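**Q** File follows, coords_21.txt with compact mmCIF, C-alpha atoms and all ligand atoms:
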```
# COMPACT_ATOMS: atom_id res chain seq x y z
CA MET A 800 101.26 112.56 184.56
CA ALA A 801 99.31 111.36 181.54
CA LYS A 802 100.36 112.91 178.30
CA THR A 803 97.80 114.72 176.18
CA ARG A 804 97.52 113.46 172.69
CA ARG A 805 98.75 116.11 170.30
CA SER A 806 96.76 116.60 167.14
CA ILE A 807 98.67 117.33 163.97
CA THR A 808 97.19 118.15 160.59
CA TYR A 809 98.62 116.13 157.73
CA ARG A 810 97.99 116.45 154.05
CA LEU A 811 97.61 113.03 152.51
CA LEU A 812 98.89 112.42 149.00
CA PRO A 813 96.18 111.65 146.36
CA ALA A 814 96.59 107.85 146.50
CA GLN A 815 96.84 107.90 150.30
CA THR A 816 93.52 109.77 150.45
CA LYS A 817 91.88 107.19 148.18
CA VAL A 818 93.10 104.29 150.32
CA TYR A 819 91.98 106.06 153.47
CA LEU A 820 88.48 106.50 152.05
CA LEU A 821 88.25 102.99 150.59
CA GLU A 822 85.64 101.09 152.56
CA LYS A 823 86.96 97.54 152.54
CA LYS A 824 87.82 95.18 155.33
CA TYR A 825 91.18 94.35 153.74
CA LYS A 826 92.67 97.12 151.68
CA ALA A 827 95.97 97.73 149.99
CA PHE A 828 98.06 100.65 148.86
CA ILE A 829 100.02 99.37 145.88
CA GLY A 830 102.62 101.96 145.01
CA GLY A 831 105.96 102.69 143.40
CA ILE A 832 109.21 103.14 145.34
CA GLY A 833 108.88 106.17 147.60
CA SER A 834 105.19 106.71 146.84
CA GLY A 835 104.42 107.11 150.56
CA LYS A 836 103.45 103.53 151.46
CA THR A 837 105.29 103.18 154.76
CA TRP A 838 104.37 106.69 155.86
CA PHE A 839 100.69 105.96 155.17
CA GLY A 840 100.79 102.52 156.81
CA ALA A 841 102.25 103.95 160.01
CA TRP A 842 99.80 106.85 159.99
CA TRP A 843 96.86 104.46 159.44
CA SER A 844 98.12 102.27 162.29
CA VAL A 845 98.05 105.23 164.65
CA GLN A 846 94.40 105.84 163.62
CA GLN A 847 93.61 102.30 164.81
CA LEU A 848 94.69 103.11 168.38
CA ASN A 849 91.16 103.95 169.43
CA GLY A 850 90.30 101.13 171.75
CA VAL A 851 89.38 98.53 169.11
CA GLY A 852 91.93 96.03 170.42
CA ASP A 853 95.36 94.63 169.69
CA GLY A 854 97.06 95.20 166.37
CA MET A 855 100.07 93.97 164.47
CA ILE A 856 102.67 95.60 162.26
CA LEU A 857 104.55 93.33 159.90
CA ALA A 858 107.54 93.70 157.62
CA PRO A 859 109.18 91.10 155.36
CA THR A 860 112.23 90.80 157.65
CA TYR A 861 113.22 91.87 161.18
CA ARG A 862 115.84 94.11 159.66
CA MET A 863 113.25 96.01 157.62
CA LEU A 864 110.90 96.03 160.58
CA GLU A 865 113.45 97.67 162.85
CA ASP A 866 115.10 99.97 160.33
CA VAL A 867 112.02 101.25 158.56
CA THR A 868 108.54 100.03 159.41
CA GLN A 869 108.28 100.16 163.21
CA ARG A 870 110.50 103.22 163.26
CA GLN A 871 108.01 105.22 161.22
CA PHE A 872 105.19 104.07 163.54
CA ILE A 873 107.10 105.02 166.69
CA ASP A 874 107.99 108.39 165.16
CA PHE A 875 104.26 109.03 164.77
CA LEU A 876 103.56 107.97 168.39
CA ASP A 877 106.20 110.43 169.56
CA ALA A 878 104.96 113.19 167.29
CA HIS A 879 101.43 112.77 168.65
CA ASN A 880 102.59 112.54 172.24
CA ILE A 881 100.86 109.17 172.56
CA GLN A 882 101.84 107.31 175.70
CA TYR A 883 103.42 103.92 175.01
CA VAL A 884 105.92 101.39 176.31
CA HIS A 885 108.13 99.71 173.74
CA GLU A 886 108.73 96.22 175.13
CA THR A 887 111.65 95.41 172.87
CA GLY A 888 112.25 91.93 174.34
CA LYS A 889 108.69 90.95 173.43
CA SER A 890 108.67 92.87 170.15
CA ARG A 891 105.57 94.81 171.00
CA VAL A 892 104.39 98.27 171.94
CA ARG A 893 101.89 98.72 174.75
CA THR A 894 99.42 101.60 174.46
CA SER A 895 96.21 102.43 176.26
CA SER A 896 94.40 100.89 173.27
CA GLY A 897 96.12 97.51 173.63
CA TYR A 898 99.24 95.88 172.27
CA VAL A 899 100.78 96.47 168.88
CA PHE A 900 102.81 93.37 168.01
CA LEU A 901 105.86 94.04 165.83
CA ARG A 902 106.55 91.01 163.67
CA SER A 903 108.47 89.79 160.66
CA ALA A 904 106.79 87.69 157.97
CA GLU A 905 109.93 85.50 157.89
CA HIS A 906 108.50 83.23 160.56
CA PRO A 907 104.73 83.03 159.90
CA GLU A 908 104.24 80.41 162.61
CA ARG A 909 105.19 83.03 165.20
CA LEU A 910 102.12 85.05 164.23
CA ARG A 911 99.90 82.44 165.81
CA GLY A 912 98.48 82.94 169.28
CA THR A 913 97.38 86.52 168.77
CA ASN A 914 93.82 87.79 168.49
CA LEU A 915 93.86 90.94 166.43
CA ALA A 916 91.56 93.83 165.67
CA TRP A 917 93.83 95.31 163.01
CA ALA A 918 97.07 94.74 161.13
CA TRP A 919 99.32 96.67 158.79
CA GLY A 920 101.74 94.79 156.57
CA ASP A 921 104.52 96.66 154.77
CA GLU A 922 106.10 95.43 151.51
CA ALA A 923 103.70 92.52 151.51
CA ALA A 924 104.67 91.39 147.99
CA LEU A 925 107.94 90.20 149.53
CA TRP A 926 106.17 87.91 152.01
CA ARG A 927 105.24 84.39 151.28
CA VAL A 928 101.52 83.80 150.84
CA GLY A 929 101.58 81.56 153.93
CA ALA A 930 102.28 84.57 156.14
CA PHE A 931 99.24 86.44 154.83
CA LYS A 932 96.96 83.44 155.25
CA ILE A 933 98.03 83.05 158.87
CA LEU A 934 97.55 86.77 159.43
CA LEU A 935 93.98 86.60 158.08
CA GLY A 936 93.32 83.81 160.57
CA ARG A 937 94.44 86.07 163.44
CA LEU A 938 92.09 88.94 162.53
CA ARG A 939 89.30 87.64 164.69
CA LYS A 940 87.76 90.60 166.39
CA ASN A 941 84.47 91.88 165.00
CA ASP A 942 85.12 94.36 162.28
CA ALA A 943 88.83 93.51 162.23
CA ARG A 944 90.69 95.13 159.34
CA ALA A 945 94.00 95.02 157.57
CA LEU A 946 96.06 97.32 155.40
CA LEU A 947 98.80 96.12 153.07
CA THR A 948 101.29 98.57 151.57
CA THR A 949 103.62 97.33 148.89
CA THR A 950 105.34 97.79 145.59
CA PRO A 951 104.15 94.93 143.36
CA ALA A 952 106.43 92.05 142.47
CA GLY A 953 104.91 90.71 139.27
CA PHE A 954 101.72 88.71 139.36
CA ASN A 955 102.34 87.04 142.67
CA TRP A 956 99.91 86.28 145.49
CA VAL A 957 99.18 89.97 146.16
CA TYR A 958 97.70 90.26 142.69
CA GLU A 959 95.74 87.05 143.09
CA TYR A 960 94.16 88.20 146.32
CA LEU A 961 93.41 91.72 145.20
CA GLU A 962 92.47 91.27 141.58
CA GLU A 963 91.55 87.67 140.88
CA LEU A 964 89.83 86.98 144.16
CA GLN A 965 88.23 90.41 144.18
CA SER A 966 85.40 90.33 146.60
CA GLU A 967 83.41 92.51 148.89
CA GLN A 968 86.24 92.34 151.35
CA PHE A 969 89.35 93.19 149.31
CA GLY A 970 90.13 96.47 147.60
CA TYR A 971 93.19 98.36 146.50
CA VAL A 972 94.49 101.66 145.17
CA ILE A 973 97.51 102.17 142.94
CA GLY A 974 99.77 105.13 143.62
CA SER A 975 102.70 106.42 141.62
CA THR A 976 106.01 107.68 142.95
CA ARG A 977 105.46 110.69 140.70
CA GLU A 978 102.63 111.93 142.93
CA ASN A 979 104.81 112.22 146.03
CA VAL A 980 105.61 115.92 146.27
CA HIS A 981 107.90 115.26 149.25
CA LEU A 982 110.57 113.56 147.15
CA ASP A 983 113.54 115.32 145.55
CA ASN A 984 112.82 116.43 142.02
CA GLU A 985 115.56 114.26 140.57
CA PHE A 986 114.47 111.06 142.29
CA VAL A 987 111.96 109.90 139.67
CA SER A 988 114.12 110.93 136.73
CA SER A 989 117.12 109.02 138.12
CA LEU A 990 114.95 105.90 138.43
CA GLU A 991 113.57 106.40 134.93
CA GLU A 992 117.08 106.58 133.54
CA ALA A 993 118.04 103.32 135.20
CA TYR A 994 114.92 101.29 134.39
CA THR A 995 113.34 99.82 131.30
CA ALA A 996 109.75 100.89 130.62
CA GLU A 997 108.38 97.60 131.94
CA TYR A 998 110.36 97.74 135.16
CA ALA A 999 109.50 101.43 135.65
CA ALA A 1000 105.80 100.59 135.32
CA GLN A 1001 106.19 98.36 138.38
CA GLU A 1002 108.73 100.25 140.45
CA ILE A 1003 107.56 103.83 139.77
CA ASP A 1004 103.92 103.54 138.78
CA GLY A 1005 103.06 100.59 141.02
CA GLN A 1006 101.52 98.58 138.18
CA PHE A 1007 101.21 94.81 138.13
CA VAL A 1008 103.48 93.81 135.27
CA ALA A 1009 104.05 90.41 133.73
CA PHE A 1010 107.75 90.07 133.22
CA GLU A 1011 107.77 87.95 130.13
CA GLY A 1012 110.99 86.25 129.33
CA LEU A 1013 112.13 85.67 132.91
CA VAL A 1014 115.56 84.10 133.15
CA TYR A 1015 114.54 81.95 136.13
CA PRO A 1016 110.79 81.33 135.77
CA GLU A 1017 111.21 77.98 137.50
CA VAL A 1018 111.75 79.52 140.97
CA ARG A 1019 108.84 78.58 143.23
CA ASP A 1020 107.90 79.44 146.80
CA GLY A 1021 108.11 76.35 148.97
CA VAL A 1022 110.34 74.55 146.45
CA HIS A 1023 113.29 76.90 146.00
CA ILE A 1024 112.30 79.54 148.57
CA ILE A 1025 112.36 77.90 151.97
CA GLU A 1026 112.08 78.81 155.63
CA PRO A 1027 115.38 79.72 157.25
CA PHE A 1028 117.09 77.15 159.49
CA ASP A 1029 120.39 77.01 161.39
CA ILE A 1030 123.21 76.07 159.05
CA PRO A 1031 125.26 73.13 160.42
CA SER A 1032 128.77 74.24 161.25
CA ASP A 1033 130.44 71.62 159.04
CA TRP A 1034 128.85 72.76 155.77
CA ARG A 1035 131.17 74.56 153.37
CA ARG A 1036 130.47 78.27 153.13
CA TYR A 1037 130.85 80.80 150.35
CA ARG A 1038 130.29 84.48 149.89
CA GLY A 1039 129.68 86.24 146.57
CA ILE A 1040 130.11 89.98 146.12
CA ASP A 1041 128.86 92.32 143.42
CA PHE A 1042 130.21 95.84 143.83
CA GLY A 1043 128.09 98.94 143.52
CA PHE A 1044 127.65 102.40 144.94
CA VAL A 1045 124.73 104.02 143.16
CA ASN A 1046 123.57 100.54 142.28
CA PRO A 1047 123.39 98.25 145.28
CA PHE A 1048 126.48 96.58 146.66
CA VAL A 1049 125.50 92.98 147.28
CA CYS A 1050 127.04 90.24 149.36
CA LEU A 1051 125.36 86.84 149.41
CA TRP A 1052 126.21 84.03 151.79
CA ALA A 1053 125.73 80.40 150.81
CA ALA A 1054 126.35 77.02 152.43
CA VAL A 1055 126.74 73.67 150.72
CA ASP A 1056 125.38 70.52 152.35
CA HIS A 1057 126.98 67.07 152.14
CA ASP A 1058 124.97 66.26 149.02
CA GLY A 1059 126.28 69.35 147.26
CA ARG A 1060 123.05 71.35 147.51
CA ILE A 1061 123.52 75.11 147.84
CA TYR A 1062 121.55 77.16 150.39
CA PHE A 1063 121.67 80.94 150.03
CA TYR A 1064 121.13 81.99 153.61
CA ARG A 1065 121.94 85.66 154.02
CA GLU A 1066 122.12 88.83 151.95
CA HIS A 1067 123.63 92.26 152.41
CA TYR A 1068 122.12 94.68 149.87
CA LYS A 1069 122.83 98.37 150.19
CA THR A 1070 123.37 101.45 148.07
CA LYS A 1071 125.50 104.56 148.62
CA THR A 1072 127.68 103.13 151.36
CA LEU A 1073 131.47 103.20 151.68
CA LEU A 1074 133.39 99.96 151.30
CA VAL A 1075 134.76 100.26 154.81
CA ASP A 1076 131.19 100.19 156.12
CA HIS A 1077 130.16 97.28 153.89
CA ALA A 1078 133.19 95.35 155.19
CA ARG A 1079 132.24 96.11 158.78
CA MET A 1080 128.63 94.99 158.24
CA ILE A 1081 129.64 91.82 156.40
CA LYS A 1082 132.02 90.83 159.18
CA ALA A 1083 129.52 91.76 161.89
CA ALA A 1084 126.89 89.47 160.33
CA ASP A 1085 129.01 86.47 161.26
CA VAL A 1086 129.62 87.61 164.78
CA CYS A 1087 125.97 88.10 165.70
CA ASN A 1088 124.56 85.13 163.86
CA ASP A 1089 127.15 82.49 164.42
CA GLN A 1090 128.27 83.55 167.88
CA ARG A 1091 131.47 81.98 169.10
CA ASP A 1092 132.49 80.00 166.03
CA VAL A 1093 134.80 81.69 163.60
CA VAL A 1094 133.16 81.10 160.27
CA ARG A 1095 135.57 80.09 157.55
CA TYR A 1096 134.73 80.57 153.94
CA SER A 1097 135.95 78.26 151.23
CA GLN A 1098 135.90 81.29 148.97
CA THR A 1099 134.61 84.84 148.78
CA VAL A 1100 134.16 85.42 145.08
CA ALA A 1101 133.92 88.87 143.51
CA ASP A 1102 134.18 90.76 140.29
CA HIS A 1103 137.94 91.39 139.91
CA ASP A 1104 137.64 93.97 137.14
CA THR A 1105 137.19 96.61 139.78
CA GLN A 1106 139.59 98.51 142.04
CA ASP A 1107 137.27 97.88 144.94
CA VAL A 1108 138.82 94.44 145.42
CA ALA A 1109 142.06 95.92 146.84
CA GLU A 1110 140.20 98.29 149.11
CA LEU A 1111 137.94 95.54 150.41
CA ARG A 1112 141.04 93.41 151.12
CA SER A 1113 142.54 96.29 153.10
CA HIS A 1114 139.39 96.18 155.25
CA GLY A 1115 139.83 92.49 155.97
CA ILE A 1116 137.83 90.74 153.24
CA ALA A 1117 140.00 88.97 150.70
CA THR A 1118 138.25 87.83 147.55
CA THR A 1119 138.98 85.45 144.71
CA LYS A 1120 138.23 86.21 141.12
CA ALA A 1121 134.76 85.27 139.97
CA ARG A 1122 134.30 83.37 136.75
CA LYS A 1123 132.03 85.79 135.04
CA SER A 1124 130.67 84.15 131.90
CA VAL A 1125 127.01 85.10 132.12
CA SER A 1126 125.66 82.46 129.76
CA VAL A 1127 127.62 79.58 131.28
CA GLY A 1128 126.71 80.75 134.78
CA ILE A 1129 123.00 80.97 133.98
CA GLN A 1130 123.04 77.44 132.57
CA LYS A 1131 124.66 76.16 135.76
CA VAL A 1132 122.11 77.99 137.91
CA LYS A 1133 119.25 76.61 135.83
CA ALA A 1134 120.64 73.08 136.09
CA ARG A 1135 120.61 73.45 139.87
CA LEU A 1136 117.10 74.93 139.94
CA ALA A 1137 115.71 71.91 138.08
CA VAL A 1138 113.70 69.69 140.40
CA GLN A 1139 115.26 66.23 140.73
CA ALA A 1140 113.65 62.82 141.12
CA ASP A 1141 113.48 63.33 144.91
CA GLY A 1142 111.23 66.37 144.34
CA LYS A 1143 113.92 68.86 145.32
CA PRO A 1144 116.14 71.22 143.37
CA ARG A 1145 119.87 71.52 144.12
CA MET A 1146 119.75 75.14 145.14
CA PHE A 1147 117.60 76.99 147.70
CA PHE A 1148 117.07 80.51 149.01
CA PHE A 1149 116.01 81.37 152.54
CA SER A 1150 112.78 83.39 152.45
CA SER A 1151 114.57 86.14 154.41
CA LEU A 1152 116.55 87.13 151.27
CA VAL A 1153 113.93 89.59 150.11
CA HIS A 1154 116.05 91.53 147.63
CA THR A 1155 117.39 88.40 146.01
CA ARG A 1156 113.86 87.03 145.70
CA LYS A 1157 112.70 90.25 144.13
CA GLU A 1158 115.51 90.10 141.56
CA LEU A 1159 114.74 86.44 140.81
CA ARG A 1160 111.21 87.51 139.94
CA SER A 1161 112.20 90.33 137.61
CA TYR A 1162 115.51 89.24 136.03
CA ARG A 1163 114.75 88.94 132.32
CA TRP A 1164 116.29 88.22 128.94
CA SER A 1165 116.83 91.31 126.80
CA ASP A 1166 115.36 89.37 123.90
CA LYS A 1167 112.90 86.80 125.07
CA ALA A 1168 113.16 84.78 121.86
CA LEU A 1169 116.96 84.67 121.68
CA LYS A 1170 117.56 84.20 125.42
CA ASP A 1171 121.25 84.96 125.11
CA GLU A 1172 121.68 87.98 127.35
CA PRO A 1173 119.75 89.25 130.39
CA ILE A 1174 118.76 92.90 130.82
CA LYS A 1175 121.33 94.67 132.98
CA GLU A 1176 118.92 95.95 135.58
CA SER A 1177 118.04 94.50 138.90
CA ASP A 1178 120.83 91.97 138.35
CA HIS A 1179 123.09 92.64 141.34
CA ALA A 1180 122.15 89.73 143.57
CA MET A 1181 121.82 87.64 140.39
CA ASP A 1182 125.49 88.28 139.60
CA ALA A 1183 126.65 87.52 143.16
CA MET A 1184 124.58 84.32 143.13
CA ARG A 1185 126.08 83.20 139.82
CA TYR A 1186 129.62 83.81 141.07
CA ILE A 1187 128.94 81.48 143.99
CA VAL A 1188 127.40 78.76 141.82
CA MET A 1189 130.39 78.97 139.45
CA ALA A 1190 132.76 78.69 142.41
CA VAL A 1191 130.95 75.73 143.96
CA ASP A 1192 130.58 73.85 140.72
CA GLY A 1193 134.21 74.45 139.81
CA PRO A 1194 135.74 74.82 136.40
CA LYS A 1195 135.41 71.19 135.41
CA VAL A 1196 131.65 71.01 135.58
CA GLY A 1197 130.12 71.65 132.20
CA VAL A 1198 133.38 71.30 130.27
CA ARG A 1199 132.81 68.94 127.44
CA ILE A 1200 135.70 66.62 126.65
CA VAL A 1201 135.90 65.91 122.94
N1 LIG B 1 101.43 112.51 153.41
C1 LIG B 1 102.72 112.78 153.60
N2 LIG B 1 103.13 113.91 154.22
C2 LIG B 1 104.44 114.19 154.39
N3 LIG B 1 105.45 113.41 153.97
C3 LIG B 1 105.12 112.26 153.35
C4 LIG B 1 103.75 111.87 153.14
N4 LIG B 1 103.75 110.68 152.51
C5 LIG B 1 105.04 110.35 152.34
N5 LIG B 1 105.87 111.29 152.82
C6 LIG B 1 107.33 111.29 152.78
O1 LIG B 1 107.73 110.79 151.51
C7 LIG B 1 108.91 110.00 151.61
C8 LIG B 1 108.66 108.61 151.04
O2 LIG B 1 107.63 108.00 151.80
P1 LIG B 1 107.70 106.46 152.26
O3 LIG B 1 109.02 106.12 152.81
O4 LIG B 1 106.50 106.22 153.07
O5 LIG B 1 107.53 105.78 150.83
P2 LIG B 1 107.54 104.23 150.48
O6 LIG B 1 106.57 104.10 149.36
O7 LIG B 1 107.33 103.43 151.69
O8 LIG B 1 109.02 104.07 149.95
P3 LIG B 1 109.88 102.71 149.73
O9 LIG B 1 109.42 102.17 148.41
O10 LIG B 1 111.30 103.22 149.68
O11 LIG B 1 109.59 101.81 150.89
C9 LIG B 1 109.27 109.95 153.09
O12 LIG B 1 110.25 110.92 153.34
C10 LIG B 1 107.96 110.33 153.79
O13 LIG B 1 108.18 110.94 155.03
MG MG B 2 108.51 101.89 152.52
```
Would it be possible to restate this file's structure as structure tokens?
**A**
Amino acid sequence: MAKTRRSITYRLLPAQTKVYLLEKKYKAFIGGIGSGKTWFGAWWSVQQLNGVGDGMILAPTYRMLEDVTQRQFIDFLDAHNIQYVHETGKSRVRTSSGYVFLRSAEHPERLRGTNLAWAWGDEAALWRVGAFKILLGRLRKNDARALLTTTPAGFNWVYEYLEELQSEQFGYVIGSTRENVHLDNEFVSSLEEAYTAEYAAQEIDGQFVAFEGLVYPEVRDGVHIIEPFDIPSDWRRYRGIDFGFVNPFVCLWAAVDHDGRIYFYREHYKTKTLLVDHARMIKAADVCNDQRDVVRYSQTVADHDTQDVAELRSHGIATTKARKSVSVGIQKVKARLAVQADGKPRMFFFSSLVHTRKELRSYRWSDKALKDEPIKESDHAMDAMRYIVMAVDGPKVGVRIV
């Protein structure tokens, strides 16, 4: 028997109302962490299920898509009693209004072949611009529309599209985390305590901020940030761990090719999780991605000033002591980021490492003139990355013999 669609009354937050009322073909909700972006995107997507045609929901990675973005959408379908079939093998949901394709922006070429009436993209600032361009090319139906929801990441392509290329078609609304009455009272104050004013302007108030004095301004999409590929089994592998509980615990995976170039190919980035669970997830990553082969690591480097090292070893992950000199490490990283005569740097990041990419774009010197010490915020993946570079390059590199 056909289900009857249940109507529910929601109260939109102030910024959500403004985006809803904004009459633009392509519109964006630019907001701080927890400002209600994903909730609104999923709610807006449900509004599109009115017979206009197929739609698409996109997240920066499959992991985010499954854990957060599509989940919120499916929760709304259930809440409204909307009849649907989730065809997991084909990553799509079938409704009486057409298909809703569930996609990751990691592989933009897989967006081709669809003919869309609408699309919602979550955390779009973490996509590469190529994914958005392909998406625009898929929005073919008359009156097709798109919604982007994202926290900004500096003046990247999202800013260019929305502000610099402002046109009849693009429009956006900025929303602050402070306006979300559904969050715990302490949430914003805990973020404010942890962030500098500049970082808070981006992460809480959703403002486009120029992070002057970036430590790694040379990082470029398409040069250092590359599409993922299968790592050959004979490349040396490393892991780098930066411990955290309230701050994120980060594990990065890297492989070194026969020319000594480093490819950061996977990240595990998670707060408020027990070490036993981190260990389980880190080990599981190898099993599902590398199938039968037992992956051997030349080294797993970590910060040895912490007691967590012993506990992690008891859960099956033995680490070696990271060489922690920040200034030496940054110099080594910068030497690898420099583009060589062949047009390539000596260090790359897979585009799927969204948290690492975000840190690369906001990691700054505490004094932009002196450039001797970075600000200790949003530096977790940056530390894990440096540990790996220091391990790969070994103690001899950079030592001057006098
Ligand atoms: N209009 C609303 N009505 C009820 N609850 C809402 C509304 N908007 C947001 N929320 C709730 O506020 C919380 C944060 O919302 P959401 O996860 O959408 O924020 P976000 O901006 O996507 O966060 P993040 O930056 O972590 O991705 C969630 O618990 C969500 O259910
Ligand atoms: Mg969200």
**Q** Counting only C-alpha atoms, which of A:Tyr1162, A:Phe1048, A:Phe1007, A:Phe900 gets nearest to A:Gly920?
**A** A:Phe900
**Q** From the set A:Asp1056, A:Glu985, A:Asp1041, A:Glu865, which residue has the shortest atom-to-atom contact distance to A:Arg891, counting all atoms listed in the file?
**A** A:Glu865
**Q** Using only C-alpha atoms and all ligand atoms, find the one residue out of A:Thr995, A:Gln847, A:Thr948, A:Gln1098 that sits nearest to ligand LIG 1 (chain B).
**A**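 Residue with the minimum atom-to-atom distance to ligand LIG 1 (chain B): A:Thr948.
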**Q** Please determine, counting all atoms listed in the file, which residue among A:Trp1052, A:Val845, A:Phe872, A:Thr860 has the shortest atom-to-atom distance to A:Gly897.
**A** A:Val845
**Q** Counting only C-alpha atoms and all ligand atoms, what are the residues, protein, DNA or RNA alike, that approach ligand LIG 1 (chain B) to within 7 Å? I want them as a list in words.
**A**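 Final answer, ordered by chain and number: Tyr809, Arg810, Leu811, Leu812, Gly830, Gly831, Ile832, Gly833, Ser834, Gly835, Lys836, Thr837, Trp838, Phe839, Thr950, Asn979, His981 and Leu982 of chain A.
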**Q** For stretch 815-826 of chain A, list every protein, DNA or RNA residue within 7 Å, evaluated using all atoms listed in the file, and leave out those in the same chain fewer than 2 positions away; present the list as a list of chain:residue names.
**A**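 The residues that qualify are A:Leu811, A:Leu812, A:Pro813, A:Phe828, A:Phe839, A:Arg944, A:Ala945, A:Leu946, A:Leu947, A:Gln968, A:Phe969, A:Gly970, A:Tyr971, A:Val972.
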**Q** What separation in Å, quoted to one decimal, exists between atom CA of A:Val851 and atom CA of A:Gly936?
**A**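 Between atom CA of A:Val851 and atom CA of A:Gly936 the gap works out to 17.5 Å.
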**Q** Atom CA of A:Asp1192 and atom CA of A:Lys1120 are how many Å apart?
**A**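 So the answer is 14.5 Å.
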**Q** Could you give me, as a PyMOL selection string, the residues within 10 Å of A:Tyr998, counting only C-alpha atoms and dropping anything in the same chain fewer than 3 positions from it?
**A** chain A and resi 953+990-991+993-995+1001-1006+1008-1010+1161-1162+1176-1177
**Q** Please, could you write that set of residues out with C-alpha atoms as a PDB file, keeping the file's coordinate frame?
**A**
```
ATOM      1  CA  GLY A 953     104.910  90.710 139.270  1.00  0.00           C
ATOM      2  CA  LEU A 990     114.950 105.900 138.430  1.00  0.00           C
ATOM      3  CA  GLU A 991     113.570 106.400 134.930  1.00  0.00           C
ATOM      4  CA  ALA A 993     118.040 103.320 135.200  1.00  0.00           C
ATOM      5  CA  TYR A 994     114.920 101.290 134.390  1.00  0.00           C
ATOM      6  CA  THR A 995     113.340  99.820 131.300  1.00  0.00           C
ATOM      7  CA  GLN A1001     106.190  98.360 138.380  1.00  0.00           C
ATOM      8  CA  GLU A1002     108.730 100.250 140.450  1.00  0.00           C
ATOM      9  CA  ILE A1003     107.560 103.830 139.770  1.00  0.00           C
ATOM     10  CA  ASP A1004     103.920 103.540 138.780  1.00  0.00           C
ATOM     11  CA  GLY A1005     103.060 100.590 141.020  1.00  0.00           C
ATOM     12  CA  GLN A1006     101.520  98.580 138.180  1.00  0.00           C
ATOM     13  CA  VAL A1008     103.480  93.810 135.270  1.00  0.00           C
ATOM     14  CA  ALA A1009     104.050  90.410 133.730  1.00  0.00           C
ATOM     15  CA  PHE A1010     107.750  90.070 133.220  1.00  0.00           C
ATOM     16  CA  SER A1161     112.200  90.330 137.610  1.00  0.00           C
ATOM     17  CA  TYR A1162     115.510  89.240 136.030  1.00  0.00           C
ATOM     18  CA  GLU A1176     118.920  95.950 135.580  1.00  0.00           C
ATOM     19  CA  SER A1177     118.040  94.500 138.900  1.00  0.00           C
TER      20      SER A1177
END
```
**Q** Go ahead and compute the interatomic distance for atom CA of A:Asp866 and atom CA of A:Ile1187, in Å to one decimal.
**A** 28.3 Å
**Q** Report as an mmCIF file with C-alpha atoms, in the frame of the given file all protein, DNA and RNA residues lying within 9 Å of A:Ala918, evaluated on all atoms listed in the file, omitting residues in the same chain fewer than 6 positions from it.
**A**
```
data_model
loop_
_atom_site.group_PDB
_atom_site.id
_atom_site.type_symbol
_atom_site.label_atom_id
_atom_site.label_comp_id
_atom_site.auth_asym_id
_atom_site.auth_seq_id
_atom_site.Cartn_x
_atom_site.Cartn_y
_atom_site.Cartn_z
ATOM 1 C CA SER A 844 98.120 102.270 162.290
ATOM 2 C CA ASP A 853 95.360 94.630 169.690
ATOM 3 C CA GLY A 854 97.060 95.200 166.370
ATOM 4 C CA MET A 855 100.070 93.970 164.470
ATOM 5 C CA ILE A 856 102.670 95.600 162.260
ATOM 6 C CA LEU A 857 104.550 93.330 159.900
ATOM 7 C CA VAL A 899 100.780 96.470 168.880
ATOM 8 C CA LEU A 934 97.550 86.770 159.430
ATOM 9 C CA LEU A 938 92.090 88.940 162.530
ATOM 10 C CA ALA A 943 88.830 93.510 162.230
ATOM 11 C CA ARG A 944 90.690 95.130 159.340
ATOM 12 C CA ALA A 945 94.000 95.020 157.570
ATOM 13 C CA LEU A 946 96.060 97.320 155.400
ATOM 14 C CA LEU A 947 98.800 96.120 153.070
#
```
**Q** Excluding A:Gly1115 and any residue of its chain fewer than 4 positions from it, enumerate the residues within 12 Å of it, using all atoms listed in the file, and give them as a list in words.
**A**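 The residues that qualify are Leu1074, Val1075, Asp1076, His1077, Ala1078, Arg1079, Met1080, Ile1081, Lys1082, Ala1083, Thr1099, Val1108, Ala1109, Glu1110 and Leu1111 of chain A.
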**Q** Now that the selection is made, can you save its residues with C-alpha atoms as a CSV table (one decimal), in the frame of the given file?
**A**
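See again_36.csv below for the written result:
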```
chain,number,residue,atom,x,y,z
A,1074,LEU,CA,133.4,100.0,151.3
A,1075,VAL,CA,134.8,100.3,154.8
A,1076,ASP,CA,131.2,100.2,156.1
A,1077,HIS,CA,130.2,97.3,153.9
A,1078,ALA,CA,133.2,95.4,155.2
A,1079,ARG,CA,132.2,96.1,158.8
A,1080,MET,CA,128.6,95.0,158.2
A,1081,ILE,CA,129.6,91.8,156.4
A,1082,LYS,CA,132.0,90.8,159.2
A,1083,ALA,CA,129.5,91.8,161.9
A,1099,THR,CA,134.6,84.8,148.8
A,1108,VAL,CA,138.8,94.4,145.4
A,1109,ALA,CA,142.1,95.9,146.8
A,1110,GLU,CA,140.2,98.3,149.1
A,1111,LEU,CA,137.9,95.5,150.4
```
**Q** Where's the centre, and what are the edge lengths in Å to one decimal, of a box along x, y and z enclosing all listed atoms of stretch 864-868 of chain A padded 8 Å per side, as AutoDock Vina command-line options?
**A**
```
--center_x 111.8 --center_y 98.6 --center_z 160.7 --size_x 22.6 --size_y 21.2 --size_z 20.3
```
**Q** Find, counting all atoms listed in the file, the residue in A:Val1086, A:Ile1024, A:Ala841, A:Ala1137 that gets nearest to ligand MG 2 (chain B).
**A**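 Closest candidate: A:Ala841.
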**Q** I'd like the neighbourhood of A:Glu908 as a ChimeraX atom specification, where a residue qualifies if any of its atoms comes within 10 Å (using all atoms listed in the file), though same-chain residues fewer than 6 positions away should be ignored.
**A** /A:929-930,933-934
